[in-house]
Amino acid sequence: MISGVPSGVASGVASGVGAIGVGVSTATVRPFVLTPSMGGAFVETLATHLNGDGTYNHSSFIFLRGEEGRAYFMRCKEPDKEVIRTSVVQMLEVIKKKEEDKIAVPEPGQVGGNALEIDWTQAFPECDPAFLRAPANLKNVFVKRMFLLGYGDPEEHKKNKENLLSEARVYEMMRANNAAGKLNDKDGYGNIIKYRGCVIKRLNGIDYIAGLALDLQEQDLMSRCEEPDSDIPVDVGRVVQDVRQALNCLHGLGYCHNDVNPHNIVLAEDGKAMLIDFDACLPDGKPLRKWPLLGYIDAEQTMSSYTNDWYGLRKVEEKLRAVFEGSV
């Protein structure tokens, strides 16, 4: 089990779910070398990994070196608050001292091991030349970034890259259909978050997808459920109808969302609901590639299906009515 906590980043989030991995990417086994001239390190994103019984196992995090423009992946036995409070450089000094004293240290990227430098050419999926590029000066956008906290596990990281690329393809598919005049707001397209394009990291003449730029909205539905007395109105009937229209639009294109839950529905300032997060979205009948949030899909379901979406929406409505109308 993993709980992602973005730290110090206003325009991005850690997204995706990964199992605890102990593998090391064979393409990028470049340990961090500590030098006396290096100052502090900025912890950008971190996550807590738990055992099956909910007890703490370890933390993983990404840290940056601003003066070098590099990023590193690291795992440790320090709880999140200790990672933030304790200098990363201090952790690295402890590892360096162990190495100097000939004390065995795990491989870079493993729990208790040295930091593993992230190879950006391996970190992100390549961007299709036909994909929309997000302008650099966009405002009021939310960037769903590539999930890098699985970088130390090659198989997990590969899945995360595939998920981001798959989501980009779904947005591009909808954009193409809209450009062809096959979609409009009354068909539910207006209840799907507006996609502004891929955030690009260009390396060695190749464009990579570092994230997806989406319109920034007020709040996701799960956060709103945790603040039932907020000033943002929640009309349960309208939310359900808005999401139903979004799903009808998606289903009309032959695709299923497969992860309808309160985290994946956002509210605009006027109370309009929009569907987000299409990394589990697949054509009807395809095997599920990413497991949805528990409780919002039939536990025995293994295929992409319109039924998954209606099941999830029904569970969302039940939760909303319990929170905002007191019904169970």
# chains A, B, ... in the order shown; residues from 1 in each chain; ligands from 1

$ select_by_dssp --residues "segment 74-279 of chain A" --states "helix (DSSP H, G or I)" --output "ChimeraX atom specification"
/A:80-85,88-100,120-123,154-179,185-187,189-191,221-225,236-252,262-264

$ residues_around --residues "segment 193-204 of chain A" --least-positions-apart "5" --cutoff "7 Å" --atoms "only C-alpha atoms" --output "ChimeraX atom specification"
/A:121,132-134,171,209-215,274-276

$ write_last_selection --atoms "C-alpha atoms" --output "short mmCIF file (atom, residue, chain, number, x, y, z; two decimals), in the first residue's frame"
data_model
loop_
_atom_site.label_atom_id
_atom_site.label_comp_id
_atom_site.auth_asym_id
_atom_site.auth_seq_id
_atom_site.Cartn_x
_atom_site.Cartn_y
_atom_site.Cartn_z
CA THR A 121 15.35 9.65 -21.06
CA LEU A 132 -1.00 18.60 -28.62
CA ARG A 133 1.82 20.38 -26.77
CA ALA A 134 0.77 22.55 -23.82
CA TYR A 171 -7.46 12.79 -24.31
CA ILE A 209 5.69 13.55 -21.81
CA ALA A 210 6.48 14.88 -18.34
CA GLY A 211 2.81 15.48 -17.55
CA LEU A 212 -0.64 16.43 -18.81
CA ALA A 213 -1.98 19.99 -18.51
CA LEU A 214 -5.62 20.17 -17.46
CA ASP A 215 -7.93 23.00 -16.45
CA MET A 274 -16.35 17.00 -14.31
CA LEU A 275 -14.73 13.62 -14.77
CA ILE A 276 -10.93 13.38 -14.58
#

$ closest_residue --among "A:Leu149, A:Leu216, A:Leu294, A:Cys249" --to "Leu267 of chain A" --atoms "only C-alpha atoms"
A:Leu216

$ closest_residue --among "A:Met222, A:Cys281, A:Ile206, A:Leu148" --to "Met173 of chain A" --atoms "only C-alpha atoms"
A:Cys281

$ residues_around --residues "Phe278 of chain A" --least-positions-apart "2" --cutoff "12 Å" --atoms "only C-alpha atoms" --output "MDAnalysis selection string"
chainID A and resid 15:16 144 163:174 192:193 195 212 214 247 250 255:261 264:265 275:276 280:283 289:290 292

$ write_last_selection --atoms "N, CA and C atoms" --output "CSV table (one decimal), in the first residue's frame"
chain,number,residue,atom,x,y,z
A,15,SER,N,0.8,10.8,-8.7
A,15,SER,CA,-0.4,10.1,-9.2
A,15,SER,C,-0.1,8.7,-9.5
A,16,GLY,N,-1.0,7.8,-9.2
A,16,GLY,CA,-0.7,6.4,-9.5
A,16,GLY,C,-0.5,5.5,-8.3
A,144,LYS,N,-0.9,17.0,-14.3
A,144,LYS,CA,-0.8,15.7,-13.8
A,144,LYS,C,0.5,15.1,-14.3
A,163,ASN,N,0.7,4.0,-18.3
A,163,ASN,CA,-0.5,4.6,-17.9
A,163,ASN,C,-0.6,6.1,-18.3
A,164,LEU,N,0.5,6.8,-18.2
A,164,LEU,CA,0.5,8.2,-18.6
A,164,LEU,C,0.3,8.3,-20.1
A,165,LEU,N,1.0,7.5,-20.8
A,165,LEU,CA,0.9,7.5,-22.3
A,165,LEU,C,-0.5,7.2,-22.7
A,166,SER,N,-1.1,6.1,-22.1
A,166,SER,CA,-2.5,5.7,-22.4
A,166,SER,C,-3.5,6.8,-22.1
A,167,GLU,N,-3.3,7.5,-21.0
A,167,GLU,CA,-4.2,8.6,-20.7
A,167,GLU,C,-4.1,9.8,-21.7
A,168,ALA,N,-2.9,10.1,-22.1
A,168,ALA,CA,-2.7,11.1,-23.2
A,168,ALA,C,-3.4,10.7,-24.5
A,169,ARG,N,-3.3,9.4,-24.8
A,169,ARG,CA,-4.0,8.9,-26.0
A,169,ARG,C,-5.5,9.1,-25.9
A,170,VAL,N,-6.1,8.8,-24.7
A,170,VAL,CA,-7.5,9.0,-24.6
A,170,VAL,C,-7.9,10.4,-24.7
A,171,TYR,N,-7.2,11.4,-24.1
A,171,TYR,CA,-7.5,12.8,-24.3
A,171,TYR,C,-7.3,13.2,-25.8
A,172,GLU,N,-6.3,12.7,-26.4
A,172,GLU,CA,-6.1,13.0,-27.9
A,172,GLU,C,-7.2,12.4,-28.7
A,173,MET,N,-7.7,11.2,-28.4
A,173,MET,CA,-8.8,10.6,-29.1
A,173,MET,C,-10.1,11.5,-29.0
A,174,MET,N,-10.3,12.0,-27.8
A,174,MET,CA,-11.5,12.8,-27.6
A,174,MET,C,-11.3,14.2,-28.3
A,192,ILE,N,-16.3,16.6,-19.0
A,192,ILE,CA,-15.0,16.0,-19.0
A,192,ILE,C,-13.9,17.1,-18.9
A,193,ILE,N,-13.0,16.9,-18.0
A,193,ILE,CA,-12.0,18.0,-17.7
A,193,ILE,C,-11.3,18.4,-19.0
A,195,TYR,N,-8.6,19.3,-21.5
A,195,TYR,CA,-7.2,18.9,-21.7
A,195,TYR,C,-6.5,20.0,-22.5
A,212,LEU,N,0.5,16.0,-18.0
A,212,LEU,CA,-0.6,16.4,-18.8
A,212,LEU,C,-1.2,17.7,-18.2
A,214,LEU,N,-4.2,20.2,-17.5
A,214,LEU,CA,-5.6,20.2,-17.5
A,214,LEU,C,-6.1,21.4,-16.8
A,247,LEU,N,-20.0,10.1,-18.9
A,247,LEU,CA,-19.9,8.7,-19.2
A,247,LEU,C,-20.6,8.4,-20.5
A,250,LEU,N,-18.3,9.3,-23.2
A,250,LEU,CA,-17.2,8.4,-23.3
A,250,LEU,C,-17.6,7.1,-23.9
A,255,TYR,N,-15.4,3.7,-25.3
A,255,TYR,CA,-14.5,3.6,-24.1
A,255,TYR,C,-15.2,3.6,-22.8
A,256,CYS,N,-14.5,3.0,-21.8
A,256,CYS,CA,-15.0,3.0,-20.4
A,256,CYS,C,-14.0,3.6,-19.5
A,257,HIS,N,-14.4,4.4,-18.6
A,257,HIS,CA,-13.5,5.1,-17.6
A,257,HIS,C,-12.9,4.1,-16.7
A,258,ASN,N,-13.6,3.2,-16.1
A,258,ASN,CA,-13.2,2.1,-15.3
A,258,ASN,C,-12.6,2.5,-13.9
A,259,ASP,N,-12.8,3.8,-13.5
A,259,ASP,CA,-12.3,4.2,-12.2
A,259,ASP,C,-13.1,5.4,-11.7
A,260,VAL,N,-14.5,5.2,-11.8
A,260,VAL,CA,-15.3,6.3,-11.3
A,260,VAL,C,-15.4,6.3,-9.8
A,261,ASN,N,-14.9,7.3,-9.2
A,261,ASN,CA,-14.9,7.4,-7.7
A,261,ASN,C,-14.7,8.9,-7.3
A,264,ASN,N,-11.9,11.1,-8.6
A,264,ASN,CA,-11.8,11.3,-10.0
A,264,ASN,C,-12.9,12.2,-10.6
A,265,ILE,N,-13.6,12.9,-9.7
A,265,ILE,CA,-14.6,13.9,-10.1
A,265,ILE,C,-14.3,15.2,-9.4
A,275,LEU,N,-15.5,14.9,-14.9
A,275,LEU,CA,-14.7,13.6,-14.8
A,275,LEU,C,-13.3,13.8,-15.1
A,276,ILE,N,-12.4,13.3,-14.3
A,276,ILE,CA,-10.9,13.4,-14.6
A,276,ILE,C,-10.3,12.0,-14.5
A,280,ALA,N,-7.0,4.6,-16.5
A,280,ALA,CA,-7.6,3.3,-16.5
A,280,ALA,C,-8.6,3.1,-17.6
A,281,CYS,N,-8.8,4.2,-18.4
A,281,CYS,CA,-9.7,4.2,-19.5
A,281,CYS,C,-9.3,3.3,-20.6
A,282,LEU,N,-10.2,2.4,-21.1
A,282,LEU,CA,-9.9,1.4,-22.1
A,282,LEU,C,-11.2,1.2,-23.0
A,283,PRO,N,-11.0,0.7,-24.2
A,283,PRO,CA,-12.2,0.3,-25.0
A,283,PRO,C,-12.9,-0.8,-24.3
A,289,ARG,N,-6.1,-2.9,-17.0
A,289,ARG,CA,-4.6,-2.8,-16.8
A,289,ARG,C,-4.2,-2.1,-15.5
A,290,LYS,N,-5.1,-1.4,-14.9
A,290,LYS,CA,-4.9,-0.7,-13.7
A,290,LYS,C,-6.1,-0.9,-12.8
A,292,PRO,N,-8.9,-0.2,-10.2
A,292,PRO,CA,-9.6,0.9,-9.7
A,292,PRO,C,-9.7,1.0,-8.2

$ atom_distance --atom1 "atom CA of Thr45 of chain A" --atom2 "atom CA of Gln219 of chain A"
20.8 Å

$ residues_around --residues "Gln241 of chain A" --least-positions-apart "2" --cutoff "10 Å" --atoms "only C-alpha atoms" --output "short mmCIF file (atom, residue, chain, number, x, y, z; two decimals) with N, CA and C atoms, in the first residue's frame"
data_model
loop_
_atom_site.label_atom_id
_atom_site.label_comp_id
_atom_site.auth_asym_id
_atom_site.auth_seq_id
_atom_site.Cartn_x
_atom_site.Cartn_y
_atom_site.Cartn_z
N GLY A 188 -22.12 15.83 -23.25
CA GLY A 188 -21.35 15.44 -22.07
C GLY A 188 -19.87 15.75 -22.15
N ASN A 191 -18.50 17.94 -19.56
CA ASN A 191 -18.38 17.39 -18.21
C ASN A 191 -17.14 16.51 -18.07
N ASP A 235 -24.87 19.89 -5.19
CA ASP A 235 -26.19 19.43 -5.58
C ASP A 235 -26.01 17.99 -6.04
N VAL A 236 -26.36 17.03 -5.17
CA VAL A 236 -26.09 15.63 -5.47
C VAL A 236 -26.70 15.21 -6.80
N GLY A 237 -27.94 15.61 -7.03
CA GLY A 237 -28.59 15.25 -8.28
C GLY A 237 -27.84 15.79 -9.49
N ARG A 238 -27.35 17.02 -9.39
CA ARG A 238 -26.63 17.60 -10.51
C ARG A 238 -25.30 16.90 -10.74
N VAL A 239 -24.59 16.60 -9.65
CA VAL A 239 -23.31 15.91 -9.78
C VAL A 239 -23.49 14.57 -10.50
N VAL A 243 -21.93 13.64 -14.22
CA VAL A 243 -21.03 12.50 -14.44
C VAL A 243 -21.68 11.50 -15.41
N ARG A 244 -22.99 11.34 -15.30
CA ARG A 244 -23.69 10.44 -16.22
C ARG A 244 -23.52 10.92 -17.67
N GLN A 245 -23.61 12.24 -17.87
CA GLN A 245 -23.44 12.79 -19.22
C GLN A 245 -22.01 12.57 -19.72
N ALA A 246 -21.04 12.75 -18.82
CA ALA A 246 -19.65 12.52 -19.20
C ALA A 246 -19.44 11.06 -19.62
N LEU A 247 -20.03 10.15 -18.87
CA LEU A 247 -19.88 8.73 -19.18
C LEU A 247 -20.60 8.37 -20.47
N LYS A 272 -20.59 22.68 -11.04
CA LYS A 272 -20.57 21.73 -12.16
C LYS A 272 -19.54 20.63 -11.87
N ALA A 273 -19.92 19.39 -12.14
CA ALA A 273 -19.02 18.26 -11.92
C ALA A 273 -18.37 17.82 -13.23
N LEU A 313 -20.54 4.97 -10.40
CA LEU A 313 -21.39 6.14 -10.23
C LEU A 313 -22.45 5.89 -9.17
#

$ closest_residue --among "A:Leu116, A:Cys76, A:Ile103, A:Val83" --to "His49 of chain A" --atoms "only C-alpha atoms"
A:Cys76

$ select_by_dssp --residues "segment 49-185 of chain A" --states "strand (DSSP E)" --output "list of chain:residue names"
A:His49, A:Leu50, A:Tyr56, A:Asn57, A:His58, A:Ser59, A:Ser60, A:Phe61, A:Ile62, A:Phe63, A:Leu64, A:Arg65, A:Arg70, A:Ala71, A:Tyr72, A:Phe73, A:Met74, A:Arg75, A:Cys76, A:Leu116, A:Glu117, A:Val141, A:Phe142, A:Val143, A:Lys144, A:Arg145

$ write_last_selection --atoms "C-alpha atoms" --output "mmCIF file, in the first residue's frame"
data_model
loop_
_atom_site.group_PDB
_atom_site.id
_atom_site.type_symbol
_atom_site.label_atom_id
_atom_site.label_comp_id
_atom_site.auth_asym_id
_atom_site.auth_seq_id
_atom_site.Cartn_x
_atom_site.Cartn_y
_atom_site.Cartn_z
ATOM 1 C CA HIS A 49 4.791 2.416 1.918
ATOM 2 C CA LEU A 50 2.824 0.265 4.360
ATOM 3 C CA TYR A 56 4.947 1.400 8.366
ATOM 4 C CA ASN A 57 7.463 -0.254 6.043
ATOM 5 C CA HIS A 58 9.532 2.487 4.382
ATOM 6 C CA SER A 59 9.457 5.812 2.560
ATOM 7 C CA SER A 60 10.454 6.603 -1.000
ATOM 8 C CA PHE A 61 11.097 10.077 -2.324
ATOM 9 C CA ILE A 62 12.479 12.183 -5.148
ATOM 10 C CA PHE A 63 14.922 14.956 -4.348
ATOM 11 C CA LEU A 64 16.345 17.669 -6.552
ATOM 12 C CA ARG A 65 19.653 19.475 -6.755
ATOM 13 C CA ARG A 70 19.333 16.631 -11.539
ATOM 14 C CA ALA A 71 16.870 14.458 -9.665
ATOM 15 C CA TYR A 72 17.382 11.347 -7.553
ATOM 16 C CA PHE A 73 15.234 8.491 -6.278
ATOM 17 C CA MET A 74 15.813 7.156 -2.780
ATOM 18 C CA ARG A 75 14.239 4.770 -0.260
ATOM 19 C CA CYS A 76 14.753 4.923 3.481
ATOM 20 C CA LEU A 116 19.761 6.597 -7.638
ATOM 21 C CA GLU A 117 20.058 9.317 -10.247
ATOM 22 C CA VAL A 141 -3.880 24.681 -15.067
ATOM 23 C CA PHE A 142 -3.242 21.566 -13.067
ATOM 24 C CA VAL A 143 -0.397 19.378 -14.269
ATOM 25 C CA LYS A 144 -0.831 15.659 -13.778
ATOM 26 C CA ARG A 145 2.800 14.650 -13.755
#

$ atom_distance --atom1 "atom CA of Gln217 of chain A" --atom2 "atom CA of Ala268 of chain A"
5.3 Å

$ residues_around --residues "Ser305 of chain A" --least-positions-apart "3" --cutoff "6 Å" --atoms "only C-alpha atoms" --output "VMD selection string"
chain A and resid 256 284 to 285 308

$ write_last_selection --atoms "N, CA and C atoms" --output "PDB file, in the first residue's frame"
ATOM      1  N   CYS A 256     -14.533   3.024 -21.820  1.00  0.00           N
ATOM      2  CA  CYS A 256     -15.026   2.976 -20.439  1.00  0.00           C
ATOM      3  C   CYS A 256     -13.984   3.629 -19.534  1.00  0.00           C
ATOM      4  N   ASP A 284     -14.209  -0.819 -24.461  1.00  0.00           N
ATOM      5  CA  ASP A 284     -15.049  -1.847 -23.841  1.00  0.00           C
ATOM      6  C   ASP A 284     -14.546  -3.239 -24.210  1.00  0.00           C
ATOM      7  N   GLY A 285     -14.438  -4.114 -23.210  1.00  0.00           N
ATOM      8  CA  GLY A 285     -14.053  -5.495 -23.458  1.00  0.00           C
ATOM      9  C   GLY A 285     -12.580  -5.805 -23.326  1.00  0.00           C
ATOM     10  N   ASN A 308     -18.787  -1.253 -15.223  1.00  0.00           N
ATOM     11  CA  ASN A 308     -17.881  -0.732 -14.193  1.00  0.00           C
ATOM     12  C   ASN A 308     -18.206   0.717 -13.861  1.00  0.00           C
TER      13      ASN A 308
END

$ atom_distance --atom1 "atom CA of Lys161 of chain A" --atom2 "atom CA of Cys127 of chain A"
11.2 Å
